[in-house]
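The structure appears right after this line, and notes come after that.
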Amino acid sequence: MSTSSETRETTRTDTAGATTGTATTPATGTAVRGTRLTLRAATLGRPDAAALADVDLDVPPGEILTVVGPSGCGKSTLLRTLAGLLPTLTGSVEQDGRPIGGPAADRALVFQEDALLPWRSLLANVELPLAIQGAPRAERRKRAAAWLERVGLADRARQLPHRVSGGQRQRAQLARALAADPRAVLMDEPFGALDAQTRAGMQDLLVEVLHGTGATVVFVTHDVDEALFLGDRVALLGAGRLVAVRDVPRPRDRAAHDDPARVALRRDVLTSLSI
Amino acid sequence: MTRYALRVASVAAALGLWQLLTSLDIDLWLRFSQFPTVTDVARAFADRLAGDDYWTDLTDSLTRIVTGFLLAAVLGVATGVLVARSRLAEDLLGPILEVVRPIPAIALVPVAILLFPSNEQGIVFITFTAAFFPVLVSTRHAVRALPPGWEEAVRTMGGGRWRILGSVVLPGALPGIFGGLSVGIGVSWICVISAEMISGQYGVGYRTWQDYTVVDYPGVFVGMVTIGVLGWATSTAVELLGRRLTRWLPRTSYVPAGRARPKSPRPAAPAPAASSVVPTGPEPEEARDEHLV
């Protein structure tokens with residue numbers, strides 16, 4: 001697993017030059033900005049209904065881990081536990097070796113839909129995490145506007161969320177999550193409600209905006225192809241437990257979909273999910 | 001334009017019918033012979049407007065209702081949020097509130113007389129109680145109906161309790177809260193007038209009852225018209241404020257015939273966004289049913 005994260009770091013530094021022009025976050029020290037997320041022998045869920053048992057998972061800094069599984073298998077529970085919204089029932093959840101006791105700004109959560117506050121414009125929504133961090137008004141306006149521009153919403157900044165399309169809302173949510181420079185981004189089927197075409201565009205956008213942030217990403221999806229395209233590794237959930245974690249060959253390479261190693265992994269994943 | 005013409009015509013027709021029935025002294029089971037005519041009422045109204053008492057009554061009633069209603073709005077929203085968000089508050093306050101709630105505010109007149117040193121405070125208290133419960137109940141429902149995603153989003157941004165209250169709970173519950181405020185202002189008028197009739201000195205309700213006891217029927221109608229206009233004006237004020245503060249609510253793209261606006265066609269309202277705010281809708285209706293005195 002360490003090799004995969006290393007390769008990702010190198011790809012990032014390779015392409016860093018191309019993105020510095022648009023990057024709004026300071027480029028210095030991006031390689032170490034990610035955080036390590038660890039679950040040890042953890043049982044996850046609500047006290048009356050455990051969703052996942054005995055989960056051991058280590059996500060190294062800067063890795064993109066995708067999580068696939070049938071609906072209702074506890075994908076969201078896993079994510080909410082990492083976010084600190086749900087305590088573990090047994091075992092522990094740690095960030096860089098320290099137990100996670102509650103939600104914190106350095107672990108941003110991106111929801112499937114409707115998590116933007118409907119009474120705030122897209123700009124004001126992106127400003128919110130910066131306001132919570134105490135950034136002065138002028139600065140947070142500038143940073144939020146820069147992020148909206150990066151996700152291609154500069155001309156929509158003053159619109160209310162319900163006046164823009166679902167894809168645009170998700171782009172705004174992405175901007176909101178990344179605006180506060182989180183060290184981990186936890187994404188709960190963020191593109192699940194979008195049509196196939198928009199979804200592919202969003203995946204490319206995600207890859208693009210993650211460049212230079214160095215953030216660790218845990219990305220939950222029920223779409224196997226999405227998981228294999230985005231993830232350095234893919235975690236398979238099923239039947240109340242973590243079934244396997246597999247390295248993905250040539251992640252984030254659109255041309256790799258007919259790579260024999262990728263095809264074999266895809267078949268494996270689909271087989272294990274259909275049990 | 002035609003709609004305004006229709007509205008004016010409707011009022012004019014009603015007044016014309018009234019004038020006709022009363023000036024002809026129609027007595028067909030309903031007896032209009034004792035009834036003052038429109039012109040009698042208009043003349044009495046003009047007399048009153050010229051005097052000082054009318055304006056004293058008006059400001060007295062308005063002071064009472066504004067004081068009582070504002071207190072009810074602040075305390076009703078605060079208590080509603082508290083009860084909806086805290087189990088301890090729900091356990092401590094819930095039973096008391098549920099027992100006091102069914103008592104019509106006007107039935108609290110004896111309590112008000114016993115408790116408060118002056119009539120004035122008693123009337124404000126009754127007005128307050130009338131508006132408090134609709135506001136409380138609609139706030140409680142609206143806060144409980146908030147989608148959890150909003151709060152979770154702010155918590156994962158590092159937002160604390162007060163940030164959640166100010167950035168999620170209050171703005172999110174506002175449509176429901178205004179449902180309660182609209183009901184509350186109406187019930188407040190009913191109670192302030194009744195309380196003035198029973199125990200007041202000055203005020204529109206007091207004057208109306210006085211006129212009745214001295215058999216000044218045009219005066220009674222002047223009072224009733226005044227109450228109607230004041231009630232309508234305050235309700236409209238609450239309604240407009242509410243609409244202004246909840247402009248973010250997705251409206252349906254349906255436009256009734258004849259009101260189509262060519263400017264800025266709205267995109268079809270997205271169903272999920274609409275459904276996330278709509279749950280606060282039914283509460284005002286419920287509160288309305290429960291709180292008419």
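So you can find residues: chains in the structure tokens are A, B, ... in the order shown, residues in each start at 1, and ligands are numbered from 1 in order.
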
Give me the chain B side of the contact with chain A, cut-off 6 Å, one line per residue showing its nearest atom pair and distance in Å at one decimal, counting only C-alpha atoms, sorted by chain and residue number, as a Markdown table.
| residue | atom | partner | partner_atom | distance |
| --- | --- | --- | --- | --- |
| B:Gly149 | CA | A:Ala115 | CA | 5.5 |
| B:Trp150 | CA | A:Ala115 | CA | 5.4 |
| B:Thr156 | CA | A:Pro103 | CA | 4.9 |
| B:Met157 | CA | A:Ala105 | CA | 4.3 |
| B:Gly158 | CA | A:Ala105 | CA | 4.4 |
| B:Trp248 | CA | A:Trp119 | CA | 4.9 |

Writer output for current selection, C-alpha atoms, as a PDB file, in the first residue's frame:
ATOM      1  CA  GLY B 149     -27.269  17.046   6.344  1.00  0.00           C
ATOM      2  CA  TRP B 150     -27.116  20.795   6.901  1.00  0.00           C
ATOM      3  CA  THR B 156     -17.575  18.903   9.774  1.00  0.00           C
ATOM      4  CA  MET B 157     -16.464  22.453   8.984  1.00  0.00           C
ATOM      5  CA  GLY B 158     -15.627  22.790  12.664  1.00  0.00           C
ATOM      6  CA  TRP B 248     -34.513  31.710  -0.830  1.00  0.00           C
TER       7      TRP B 248
END

* Skip segment 50-55 of chain B itself and residues of its chain fewer than 6 positions away, then list as a list in words all residues within 10 Å of it, counting only C-alpha atoms. => Ser61, Tyr202, Gly203, Val204, Arg207, Val222, Gly223 and Thr226 of chain B

* So which residues touch Leu230 of chain A within 8 Å, counting only C-alpha atoms, skipping near sequence neighbours fewer than 4 positions away, as number ranges by chain? -> A: 64, 66, 203, 207, 226, 251-252

Excluding same-chain residues fewer than 4 positions from Asp40 of chain B, what lies within 12 Å of it counting only C-alpha atoms, as an mmCIF file with C-alpha atoms, in the first residue's frame?
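Contents of selection17.cif, as written:
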data_model
loop_
_atom_site.group_PDB
_atom_site.id
_atom_site.type_symbol
_atom_site.label_atom_id
_atom_site.label_comp_id
_atom_site.auth_asym_id
_atom_site.auth_seq_id
_atom_site.Cartn_x
_atom_site.Cartn_y
_atom_site.Cartn_z
ATOM 1 C CA TRP B 18 -75.350 47.027 3.467
ATOM 2 C CA GLN B 19 -76.543 50.551 2.691
ATOM 3 C CA THR B 22 -80.276 49.275 6.346
ATOM 4 C CA SER B 23 -81.698 52.378 4.673
ATOM 5 C CA GLN B 34 -81.808 48.727 14.119
ATOM 6 C CA PHE B 35 -78.640 48.491 12.076
ATOM 7 C CA PRO B 36 -76.692 51.720 11.377
ATOM 8 C CA ALA B 44 -69.326 58.637 13.133
ATOM 9 C CA PHE B 45 -65.937 57.588 11.820
ATOM 10 C CA ALA B 46 -65.187 61.092 10.567
ATOM 11 C CA ASP B 47 -66.172 62.536 13.961
ATOM 12 C CA ASP B 216 -73.980 54.030 20.170
ATOM 13 C CA TYR B 217 -74.211 51.473 17.368
ATOM 14 C CA PRO B 218 -72.378 53.484 14.694
ATOM 15 C CA GLY B 219 -69.556 53.784 17.249
ATOM 16 C CA VAL B 220 -69.489 49.997 17.641
ATOM 17 C CA PHE B 221 -69.067 49.655 13.888
ATOM 18 C CA VAL B 222 -66.311 52.255 13.856
#

* Asked: Neighbours of Ile100 of chain A within 9 Å (only C-alpha atoms; same-chain residues fewer than 6 positions away dropped), as a VMD selection string?
  -> chain A and resid 81 to 84 87 92 to 94

* Please report, as JSON, numbers by chain, each residue of segment 117-195 of chain A to which DSSP assigns strand (DSSP E) when run on this structure's backbone. => {"A": [184, 185, 186, 187, 188]}
